[in-house]
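Take a look at the structure below.
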Amino acid sequence: MRKSRVLFVDDEANVLSALRRSLRREPYECLFAEGPDEALEVLKEKEVDLVVSDHLMPSMDGLTFLKHVRDMYPHVVRVILTGHADLQMAIEAINEGEVFRFLTKPWNDLELKVALKHMLDFIELRRENQLLMDTVRKQQKFIEKMDEEHPGIFEVERDESGAIVLDLDIDF
Amino acid sequence: MTSCLIIDADAAARESASELLTSRGFEVRQAQDGADGLESFERNPADLVLLDLELPDQMGMELLSSLVGSEQACKVVVTSAHGDVERSVQAWRYGAADFLQKPFSPRGLLSSVGRALTQLNADKQMAHLSHTLQQRVRDLSVVNQISQLIISSKPIEQWIDEVIRASCDYIGAEAGSLLVLHPSDNSLVFYVSTGPKAKEIKEVRLPKAKGIAGWCVENVQPLKVDDVISDERFDSAIDKLTGFRTKSVIAAPIVVRDECIGAIELLNHSFNDSFSDEDLHRLVELSGHVAVAAHNSMVVRDLKQSREELAKWSRELEQTVEQRTIALKRATESSRLVRQDLLRTHKAMQKAKEALVEQEKMATLGLLAAGVAHEINNPLGFVNANLSVLEEYVRSMRRLAAVLIHARSRFRSDSEDQALMLLKEAERVVEDEDLREVMDDLGPVFDEMRSGLVRIMSIVEKLRMFAEDGRKDGMDDDGVDLNDEAQRLIELVQGSGNRALQIEYHLSALPTMRLPVMELRQCLLNLFGFFARQRGEKSHLVMKTDSRDDSIVLELLDPKAELTDMQFASLLDPGIDLEESKTSGSLGLFAAKGIADGLGGRMDIVRLRPAGLSVKVIFPKVKVPGEATERVS
């Protein structure tokens with residue numbers, strides 16, 4: 001299984017390099033883009049699990065960028081990391097389903113790592129959940145097929161006491 | 001021809017006189033005594049009698065007396081052979097026109113006769129004049145009567161009866177009527193009538209052009225018809241209706257205010273077969289008087305009506321005034337209450353407005369703070385993160401250092417094998433902790449952190465500038481450069497370079513201004529705040545400054561602003577619902593204007609076509625101290 005991938009988007013190179021240093025030993029792959037346009041290029045080429053974007057950027061603001069990401073890659077989890085602490089914007093962003101988390105600058109390294117780990121765990125769980133759901137679906141289909149070929153094969157008959165009645169035509 | 005009767009017993013004398021007078025054109029008769037003469041006179045009166053006093057039947061004086069006293073106007077010339085004075089005086093007394101003594105000459109006779117005839121003519125003229133005078137007196141009396149009625153200003157219906165009756169008597173008619181033109185259908189109505197059939201024709205209607213009266217009204221002319229049977233204008237229908245027999249008619253129109261309102265008609269002269277022209281003339285005069293009287297009556301009626309209406313209106317007016325007065329009193333009372341309410345509301349509004357402006361100032365400061373926070377948070381973010389990394393770096397290096405120190409101690413104690421093992425351990429630590437990369441990264445880490453700190457310090461420096469109170473440290477005396485102030489504020493508002501407002505500067509060199517700097521900054525801050533909020537964070541603005549003769553102008557132009565009429569109209573309305581009008585931040589403009597006004601300046605807001613919004617703040621070059629600072633809170 002491949003490593004999880006996190007894409008960071010910020011127009012400030014120093015922020016990206018600080019993030020790169022902080023997360024260099026984390027068990028996931030970090031990708032960096034100095035703006036929404038570059039980030040969309042990266043998304044085209046690589047499968048990404050999590051996008052962490054700044055909000056105030058010159059060509060396009062973070063919410064708009066993440067809206068595009070949601071439309072194009074619905075499974076990607078989106079996070080805002082901004083120094084512009086506008087509570088109203090945060091509420092709207094989360095309520096409208098644009099972003100999963102709203103993180104603020106300056107960030108605490110440990111908290112950032114924990115948050116990212118939680119989100120990646122969530123993604124992993126979601127992925128596992130998806131796999132299990134697929135398995136269940138496959139099994140359900142198998143059962144339906146068997147029931148079609150052998151009607152009543154999964155049905156169980158019980159008496160008043162709840163004991164299973166075996167309708168076996170066998171001589172002892 | 002003048003007739004003459006000669007009464008004389010002397011046949012020769014009679015003959016000679018008769019011959020003479022006949023030759024002079026007289027119609028002469030003769031009588032030989034008194035009885036014969038009187039009988040002849042009574043049978044056929046004569047204008048002139050030649051009477052001889054010496055008659056056989058001794059009747060001379062008596063006869064004279066009878067002749068003079070008779071109704072017939074005649075003149076008597078007395079003759080006598082006895083010419084004594086006594087007889088002649090007696091004859092005069094008895095009324096003789098002249099006394100002639102026998103024998104008389106033809107000349108004497110003619111002279112006497114001439115005097116007598118002159119007297120006769122004078123008498124006749126006198127009688128005629130007397131008659132005319134009496135007639136005039138009667139006319140005047142009737143006119144006077146009518147005049148009295150006219151002056152009396154009684155309603156026409158009260159006197160017209162009397163006038164028509166008087167007219168009948170005066171002119172001498174059997175019957176008379178006043179016919180009035182009915183306005184609705186132009187028919188003629190018998191309004192007032194006198195005579196034997198007056199009751200029967202009361203209120204009877206005639207088509208306008210029918211009958212003698214109809215013609216009279218139609219043509220507005222008087223008319224006299226002597227024999228109605230032979231006149232085609234006569235309408236016999238009324239006669240048939242009443243049984244009256246009309247023979248002759250006179251009629252005259254009644255004209256009031258240039259309009260014919262009817263006619264007076266008189267029927268059948270009381271004594272003669274027909275009416276005379278004079279009768280018609282009198283009737284025309286009468287109709288004129290009646291018209292004047294009717295006119296007066298109408299005027300009086302109108303006046304009365306007007307007076308009644310006026311009185312009614314006056315009463316109504318009084319009532320209305322009374323009601324209005326009451327209503328006014330109530331209104332005054334309620335308006336007093338309303339005014340109190342209004343005053344309270346006004347005070348509350350004033351407070352609310354002040355609070356709003358204050359809030360806007362804070363909001364603008366909030367905007368500024370948010371921008372500043374963003375600018376500080378970015379470098380803080382990476383400085384902080386780098387610090388954590390540096391801690392890790394240091395920890396790794398301490399680990400390496402510990403191994404190396406340990407190795408060195410082993411070298412001293414000649415346990416070289418152990419020392420070599422420790423050096424290998426050190427190499428492993430270098431690998432393990434990526435210490436080669438860490439060493440390479442140390443320079444950049446410090447550089448980045450330093451640049452971040454420099455940025456933070458510069459922002460703090462700008463903030464400190466903004467926090468300074470110019471009045472305390474004497475900035476007012478040094479004056480203010482509007483260009484500097486505006487640029488520094490914009491740097492604060494827009495943060496780093498390209499993030500917030502993009503400003504294109506067109507600045508002119510400006511003289512320093514002597515204005516309270518904090519208020520100026522607040523004004524500019526509100527203005528920039530307005531534009532930043534108006535257009536979001538990607539506004540592209542043009543800022544111009546200009547120095548004029550007596551003022552300094554700062555213009556901010558948003559070339560892409562598109563405002564509807566309503567939005568433009570409500571730009572300076574602090575009470576407008578900002579969410580709905582989509583002109584968020586109008587309050588900033590309002591607050592900026594308030595401050596600019598307070599500084600003695602003004603603000604011009606112009607909408608450009610097809611798009612664009614220009615706001616000019618015009619400051620006076622000369623500071624207006626005192627009042628300006630007082631008015632801005």
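Letters for chains follow the order of the structure tokens (A, B, ...), residue numbers begin at 1 for each chain, and ligand numbers begin at 1 in the order shown.
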Next on the checklist: With 8 Å as the limit and counting only C-alpha atoms, what residues in chain B lie close to chain A? Please list them as a ChimeraX atom specification.
Outcome noted: /B:370-371,373-386,388-389,448,498-499
Item to check | Contacts of Val99 in chain A within 7 Å, only C-alpha atoms, excl. fewer than 4 positions in-chain, as a PyMOL selection string | outcome: chain A and resi 78-80+93-94
Checklist entry - Can you tell me, as an NGL selection string, what residues are no more than 6 Å from range 18-32 of chain B when counting only C-alpha atoms, ignoring any on the same chain fewer than 4 positions away? => result :B and (2-9 or 14 or 36-37)
Checklist entry - Suppose you want the space between CA of Ser184 in chain B and CA of Asn296 in chain B; what is it in Å? => result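 So the answer is 22.6 Å.
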Report as a PDB file with N, CA and C atoms, in the first residue's frame all protein, DNA and RNA residues lying within 12 Å of Lys117 in chain A, evaluated on only C-alpha atoms, omitting residues in the same chain fewer than 5 positions from it.
```pdb
ATOM      1  N   SER A   4       0.472   7.700   2.518  1.00  0.00           N
ATOM      2  CA  SER A   4      -0.514   8.790   2.358  1.00  0.00           C
ATOM      3  C   SER A   4       0.202  10.034   1.858  1.00  0.00           C
ATOM      4  N   ARG A   5      -0.557  10.861   1.112  1.00  0.00           N
ATOM      5  CA  ARG A   5       0.063  12.073   0.567  1.00  0.00           C
ATOM      6  C   ARG A   5      -0.697  13.322   1.042  1.00  0.00           C
ATOM      7  N   VAL A   6       0.104  14.305   1.489  1.00  0.00           N
ATOM      8  CA  VAL A   6      -0.503  15.583   1.896  1.00  0.00           C
ATOM      9  C   VAL A   6       0.088  16.682   1.025  1.00  0.00           C
ATOM     10  N   LEU A  23       7.798  18.471   9.163  1.00  0.00           N
ATOM     11  CA  LEU A  23       7.119  17.201   8.877  1.00  0.00           C
ATOM     12  C   LEU A  23       8.044  16.208   8.164  1.00  0.00           C
ATOM     13  N   GLU A  26       7.718  12.640   9.316  1.00  0.00           N
ATOM     14  CA  GLU A  26       6.376  12.046   9.463  1.00  0.00           C
ATOM     15  C   GLU A  26       6.211  10.916   8.455  1.00  0.00           C
ATOM     16  N   PRO A  27       5.332   9.965   8.777  1.00  0.00           N
ATOM     17  CA  PRO A  27       5.238   8.762   7.951  1.00  0.00           C
ATOM     18  C   PRO A  27       4.416   8.972   6.677  1.00  0.00           C
ATOM     19  N   TYR A  28       4.196  10.181   6.280  1.00  0.00           N
ATOM     20  CA  TYR A  28       3.440  10.409   5.019  1.00  0.00           C
ATOM     21  C   TYR A  28       4.269  11.310   4.113  1.00  0.00           C
ATOM     22  N   ASP A  49      -4.263  12.612  -0.708  1.00  0.00           N
ATOM     23  CA  ASP A  49      -5.340  12.300   0.236  1.00  0.00           C
ATOM     24  C   ASP A  49      -5.842  13.549   0.953  1.00  0.00           C
ATOM     25  N   LEU A  50      -4.918  14.507   1.167  1.00  0.00           N
ATOM     26  CA  LEU A  50      -5.265  15.650   2.011  1.00  0.00           C
ATOM     27  C   LEU A  50      -4.650  16.905   1.409  1.00  0.00           C
ATOM     28  N   LEU A 110       3.301  20.380  17.208  1.00  0.00           N
ATOM     29  CA  LEU A 110       2.751  19.120  17.712  1.00  0.00           C
ATOM     30  C   LEU A 110       1.264  19.017  17.343  1.00  0.00           C
ATOM     31  N   GLU A 111       0.556  20.136  17.568  1.00  0.00           N
ATOM     32  CA  GLU A 111      -0.892  20.107  17.269  1.00  0.00           C
ATOM     33  C   GLU A 111      -1.137  19.859  15.797  1.00  0.00           C
ATOM     34  N   LEU A 112      -0.273  20.488  14.973  1.00  0.00           N
ATOM     35  CA  LEU A 112      -0.439  20.302  13.526  1.00  0.00           C
ATOM     36  C   LEU A 112      -0.226  18.832  13.161  1.00  0.00           C
ATOM     37  N   PHE A 122      -8.340   9.084   9.810  1.00  0.00           N
ATOM     38  CA  PHE A 122      -9.747   9.126   9.361  1.00  0.00           C
ATOM     39  C   PHE A 122      -9.853   8.670   7.912  1.00  0.00           C
ATOM     40  N   ILE A 123      -8.911   9.170   7.123  1.00  0.00           N
ATOM     41  CA  ILE A 123      -8.925   8.798   5.701  1.00  0.00           C
ATOM     42  C   ILE A 123      -8.696   7.291   5.570  1.00  0.00           C
ATOM     43  N   GLU A 124      -7.721   6.803   6.386  1.00  0.00           N
ATOM     44  CA  GLU A 124      -7.404   5.372   6.344  1.00  0.00           C
ATOM     45  C   GLU A 124      -8.638   4.562   6.745  1.00  0.00           C
ATOM     46  N   LEU A 125      -9.290   5.001   7.846  1.00  0.00           N
ATOM     47  CA  LEU A 125     -10.488   4.296   8.305  1.00  0.00           C
ATOM     48  C   LEU A 125     -11.572   4.306   7.232  1.00  0.00           C
TER      49      LEU A 125
END
```
Name the residues of range 8-164 of chain A that come out as strand (DSSP E) in a backbone DSSP run; write them as a CSV table (one decimal) with all heavy atoms, in the first residue's frame.
```csv
chain,number,residue,atom,x,y,z
A,8,PHE,N,0.5,20.7,0.5
A,8,PHE,CA,0.4,22.0,1.2
A,8,PHE,C,0.5,23.1,0.1
A,8,PHE,O,1.3,23.1,-0.8
A,8,PHE,CB,1.6,22.2,2.2
A,8,PHE,CG,1.5,21.3,3.4
A,8,PHE,CD1,2.1,20.0,3.3
A,8,PHE,CD2,0.8,21.7,4.5
A,8,PHE,CE1,2.0,19.2,4.4
A,8,PHE,CE2,0.6,20.8,5.6
A,8,PHE,CZ,1.3,19.6,5.5
A,9,VAL,N,-0.4,24.1,0.2
A,9,VAL,CA,-0.5,25.2,-0.7
A,9,VAL,C,-0.4,26.5,0.0
A,9,VAL,O,-1.2,26.8,0.9
A,9,VAL,CB,-1.8,25.2,-1.5
A,9,VAL,CG1,-1.8,26.2,-2.6
A,9,VAL,CG2,-2.1,23.8,-2.0
A,29,GLU,N,3.9,11.3,2.8
A,29,GLU,CA,4.6,12.1,1.9
A,29,GLU,C,4.1,13.5,1.8
A,29,GLU,O,2.8,13.7,1.7
A,29,GLU,CB,4.5,11.4,0.5
A,29,GLU,CG,5.4,12.0,-0.5
A,29,GLU,CD,5.2,11.3,-1.9
A,29,GLU,OE1,4.6,10.2,-1.9
A,29,GLU,OE2,5.6,11.9,-2.9
A,30,CYS,N,4.9,14.5,1.9
A,30,CYS,CA,4.5,15.9,1.8
A,30,CYS,C,4.8,16.5,0.5
A,30,CYS,O,5.9,16.4,0.0
A,30,CYS,CB,5.1,16.7,2.9
A,30,CYS,SG,4.5,16.3,4.6
A,31,LEU,N,3.8,17.1,-0.1
A,31,LEU,CA,4.0,17.8,-1.4
A,31,LEU,C,3.7,19.3,-1.2
A,31,LEU,O,2.9,19.6,-0.3
A,31,LEU,CB,3.0,17.3,-2.5
A,31,LEU,CG,3.1,15.8,-2.7
A,31,LEU,CD1,1.9,15.4,-3.7
A,31,LEU,CD2,4.4,15.3,-3.3
A,32,PHE,N,4.4,20.1,-2.0
A,32,PHE,CA,4.3,21.6,-1.7
A,32,PHE,C,4.0,22.3,-3.0
A,32,PHE,O,4.6,22.0,-4.0
A,32,PHE,CB,5.6,22.1,-1.1
A,32,PHE,CG,5.8,21.4,0.3
A,32,PHE,CD1,6.7,20.3,0.3
A,32,PHE,CD2,5.2,21.9,1.4
A,32,PHE,CE1,6.9,19.7,1.5
A,32,PHE,CE2,5.5,21.3,2.6
A,32,PHE,CZ,6.3,20.2,2.7
A,33,ALA,N,3.1,23.3,-2.9
A,33,ALA,CA,2.8,24.1,-4.1
A,33,ALA,C,2.7,25.6,-3.7
A,33,ALA,O,2.1,25.9,-2.7
A,33,ALA,CB,1.5,23.7,-4.8
A,50,LEU,N,-4.9,14.5,1.2
A,50,LEU,CA,-5.3,15.6,2.0
A,50,LEU,C,-4.6,16.9,1.4
A,50,LEU,O,-3.5,16.9,1.0
A,50,LEU,CB,-4.7,15.4,3.4
A,50,LEU,CG,-5.0,16.4,4.5
A,50,LEU,CD1,-6.4,16.6,4.8
A,50,LEU,CD2,-4.3,15.9,5.8
A,51,VAL,N,-5.5,18.0,1.3
A,51,VAL,CA,-4.9,19.3,0.9
A,51,VAL,C,-5.0,20.3,2.0
A,51,VAL,O,-6.1,20.5,2.6
A,51,VAL,CB,-5.7,19.8,-0.4
A,51,VAL,CG1,-5.2,21.2,-0.8
A,51,VAL,CG2,-5.5,18.9,-1.5
A,52,VAL,N,-3.9,21.0,2.3
A,52,VAL,CA,-3.9,22.0,3.3
A,52,VAL,C,-3.5,23.3,2.6
A,52,VAL,O,-2.5,23.4,2.0
A,52,VAL,CB,-2.8,21.7,4.4
A,52,VAL,CG1,-2.9,22.8,5.5
A,52,VAL,CG2,-3.1,20.4,5.1
A,53,SER,N,-4.5,24.3,2.6
A,53,SER,CA,-4.3,25.5,1.8
A,53,SER,C,-4.3,26.7,2.7
A,53,SER,O,-5.1,26.8,3.6
A,53,SER,CB,-5.3,25.5,0.7
A,53,SER,OG,-5.2,26.8,0.1
A,77,VAL,N,-9.6,15.2,1.3
A,77,VAL,CA,-10.0,15.9,2.5
A,77,VAL,C,-9.3,17.3,2.4
A,77,VAL,O,-8.2,17.4,2.1
A,77,VAL,CB,-9.6,15.2,3.7
A,77,VAL,CG1,-9.9,16.0,5.0
A,77,VAL,CG2,-10.4,13.9,3.8
A,78,ARG,N,-10.1,18.3,2.7
A,78,ARG,CA,-9.6,19.7,2.6
A,78,ARG,C,-9.5,20.4,3.9
A,78,ARG,O,-10.4,20.4,4.7
A,78,ARG,CB,-10.5,20.5,1.6
A,78,ARG,CG,-10.7,19.8,0.3
A,78,ARG,CD,-11.9,20.3,-0.5
A,78,ARG,NE,-13.1,20.1,0.2
A,78,ARG,CZ,-13.8,19.0,0.2
A,78,ARG,NH1,-13.4,18.0,-0.5
A,78,ARG,NH2,-14.9,18.9,0.8
A,79,VAL,N,-8.3,21.2,4.1
A,79,VAL,CA,-8.1,21.9,5.3
A,79,VAL,C,-7.6,23.3,5.0
A,79,VAL,O,-6.9,23.5,4.0
A,79,VAL,CB,-7.0,21.1,6.1
A,79,VAL,CG1,-6.7,21.9,7.4
A,79,VAL,CG2,-7.5,19.8,6.5
A,80,ILE,N,-8.0,24.3,5.8
A,80,ILE,CA,-7.5,25.6,5.6
A,80,ILE,C,-6.5,25.9,6.7
A,80,ILE,O,-6.7,25.6,7.9
A,80,ILE,CB,-8.7,26.6,5.7
A,80,ILE,CG1,-9.5,26.7,4.4
A,80,ILE,CG2,-8.2,28.0,6.1
A,80,ILE,CD1,-8.9,27.7,3.4
A,81,LEU,N,-5.4,26.5,6.3
A,81,LEU,CA,-4.4,27.0,7.3
A,81,LEU,C,-4.1,28.4,7.0
A,81,LEU,O,-3.5,28.8,6.0
A,81,LEU,CB,-3.1,26.2,7.1
A,81,LEU,CG,-1.9,26.6,8.0
A,81,LEU,CD1,-2.2,26.4,9.5
A,81,LEU,CD2,-0.7,25.8,7.7
A,82,THR,N,-4.7,29.3,7.9
A,82,THR,CA,-4.6,30.7,7.5
A,82,THR,C,-4.2,31.6,8.7
A,82,THR,O,-4.5,31.3,9.9
A,82,THR,CB,-5.9,31.2,6.9
A,82,THR,OG1,-5.8,32.6,6.6
A,82,THR,CG2,-7.1,31.1,7.9
A,101,ARG,N,-11.3,20.9,8.3
A,101,ARG,CA,-10.8,21.6,9.5
A,101,ARG,C,-10.3,23.0,9.1
A,101,ARG,O,-10.0,23.3,8.0
A,101,ARG,CB,-9.5,20.8,10.0
A,101,ARG,CG,-9.9,19.5,10.7
A,101,ARG,CD,-10.5,19.7,12.1
A,101,ARG,NE,-9.6,20.4,13.0
A,101,ARG,CZ,-8.8,19.7,13.9
A,101,ARG,NH1,-8.8,18.4,13.9
A,101,ARG,NH2,-8.1,20.4,14.7
A,102,PHE,N,-10.3,23.8,10.1
A,102,PHE,CA,-9.9,25.2,10.0
A,102,PHE,C,-8.7,25.4,10.9
A,102,PHE,O,-8.9,25.5,12.1
A,102,PHE,CB,-11.0,26.1,10.2
A,102,PHE,CG,-10.8,27.5,9.7
A,102,PHE,CD1,-11.3,27.9,8.5
A,102,PHE,CD2,-10.2,28.5,10.5
A,102,PHE,CE1,-11.1,29.2,8.0
A,102,PHE,CE2,-10.0,29.8,10.0
A,102,PHE,CZ,-10.5,30.1,8.8
A,103,LEU,N,-7.5,25.5,10.4
A,103,LEU,CA,-6.3,25.7,11.3
A,103,LEU,C,-5.8,27.1,11.1
A,103,LEU,O,-5.9,27.7,10.1
A,103,LEU,CB,-5.2,24.7,10.9
A,103,LEU,CG,-5.7,23.2,10.9
A,103,LEU,CD1,-4.6,22.3,10.3
A,103,LEU,CD2,-6.0,22.8,12.3
A,104,THR,N,-5.2,27.6,12.2
A,104,THR,CA,-4.7,29.0,12.1
A,104,THR,C,-3.2,29.1,12.3
A,104,THR,O,-2.6,28.2,12.9
A,104,THR,CB,-5.4,29.8,13.2
A,104,THR,OG1,-5.1,29.2,14.5
A,104,THR,CG2,-6.9,29.9,13.0
```
Checklist entry - If you count only C-alpha atoms, which residues fall within 12 Å of Leu67 in chain B, apart from same-chain ones fewer than 2 positions away, as an NGL selection string? => result :B and (5 or 7 or 34 or 37-42 or 45-51 or 59-65 or 69-78 or 94-97)
Give me a file of those residues, with C-alpha atoms, as a PDB file, in the first residue's frame.
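Everything below was put into result-v5.pdb:
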```
ATOM      1  CA  LEU B   5    -126.190 131.576 -37.827  1.00  0.00           C
ATOM      2  CA  ILE B   7    -130.719 135.698 -35.951  1.00  0.00           C
ATOM      3  CA  GLY B  34    -135.351 133.921 -31.036  1.00  0.00           C
ATOM      4  CA  GLY B  37    -132.812 130.748 -33.947  1.00  0.00           C
ATOM      5  CA  LEU B  38    -132.538 128.507 -30.853  1.00  0.00           C
ATOM      6  CA  GLU B  39    -134.272 125.684 -32.619  1.00  0.00           C
ATOM      7  CA  SER B  40    -131.932 126.014 -35.622  1.00  0.00           C
ATOM      8  CA  PHE B  41    -128.878 126.106 -33.334  1.00  0.00           C
ATOM      9  CA  GLU B  42    -129.891 123.107 -31.332  1.00  0.00           C
ATOM     10  CA  PRO B  45    -124.813 124.067 -33.833  1.00  0.00           C
ATOM     11  CA  ALA B  46    -122.852 126.850 -35.499  1.00  0.00           C
ATOM     12  CA  ASP B  47    -119.384 128.144 -34.792  1.00  0.00           C
ATOM     13  CA  LEU B  48    -120.546 131.726 -34.877  1.00  0.00           C
ATOM     14  CA  VAL B  49    -123.900 133.332 -34.094  1.00  0.00           C
ATOM     15  CA  LEU B  50    -124.817 136.894 -35.146  1.00  0.00           C
ATOM     16  CA  LEU B  51    -127.576 137.810 -32.707  1.00  0.00           C
ATOM     17  CA  MET B  59    -135.670 136.837 -26.115  1.00  0.00           C
ATOM     18  CA  GLY B  60    -132.423 138.577 -27.015  1.00  0.00           C
ATOM     19  CA  MET B  61    -130.542 138.413 -23.698  1.00  0.00           C
ATOM     20  CA  GLU B  62    -131.973 134.993 -22.742  1.00  0.00           C
ATOM     21  CA  LEU B  63    -131.022 133.533 -26.061  1.00  0.00           C
ATOM     22  CA  LEU B  64    -127.506 134.924 -25.684  1.00  0.00           C
ATOM     23  CA  SER B  65    -127.267 133.287 -22.324  1.00  0.00           C
ATOM     24  CA  GLY B  69    -123.958 128.218 -21.981  1.00  0.00           C
ATOM     25  CA  SER B  70    -124.484 125.403 -24.475  1.00  0.00           C
ATOM     26  CA  GLU B  71    -121.988 122.540 -24.650  1.00  0.00           C
ATOM     27  CA  GLN B  72    -121.090 123.441 -28.188  1.00  0.00           C
ATOM     28  CA  ALA B  73    -118.251 125.843 -28.450  1.00  0.00           C
ATOM     29  CA  CYS B  74    -119.626 128.835 -30.227  1.00  0.00           C
ATOM     30  CA  LYS B  75    -119.087 132.593 -30.276  1.00  0.00           C
ATOM     31  CA  VAL B  76    -121.889 135.098 -30.285  1.00  0.00           C
ATOM     32  CA  VAL B  77    -121.603 138.619 -31.793  1.00  0.00           C
ATOM     33  CA  VAL B  78    -124.447 140.825 -30.510  1.00  0.00           C
ATOM     34  CA  TYR B  94    -123.779 137.412 -20.685  1.00  0.00           C
ATOM     35  CA  GLY B  95    -120.753 136.179 -22.653  1.00  0.00           C
ATOM     36  CA  ALA B  96    -120.996 137.971 -25.984  1.00  0.00           C
ATOM     37  CA  ALA B  97    -117.800 137.898 -27.997  1.00  0.00           C
TER      38      ALA B  97
END
```
Checklist entry - Where in range 186-403 of chain B does DSSP assign helix (DSSP H, G or I), given as a ChimeraX atom specification? => result /B:198-201,211-219,228-230,237-242,277-403
Item to check | B:Gln101, B:Ser111, B:Thr320, B:Ser287 ranked by distance to Gly83 in chain B, top pick (using only C-alpha atoms) | outcome: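 That would be B:Gln101, the residue with the smallest distance to Gly83 in chain B.
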Checklist entry - By how many Å are CA of Arg126 in chain A and CA of Ile143 in chain A apart? => result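 Separating CA of Arg126 in chain A from CA of Ile143 in chain A is a distance of 25.2 Å.
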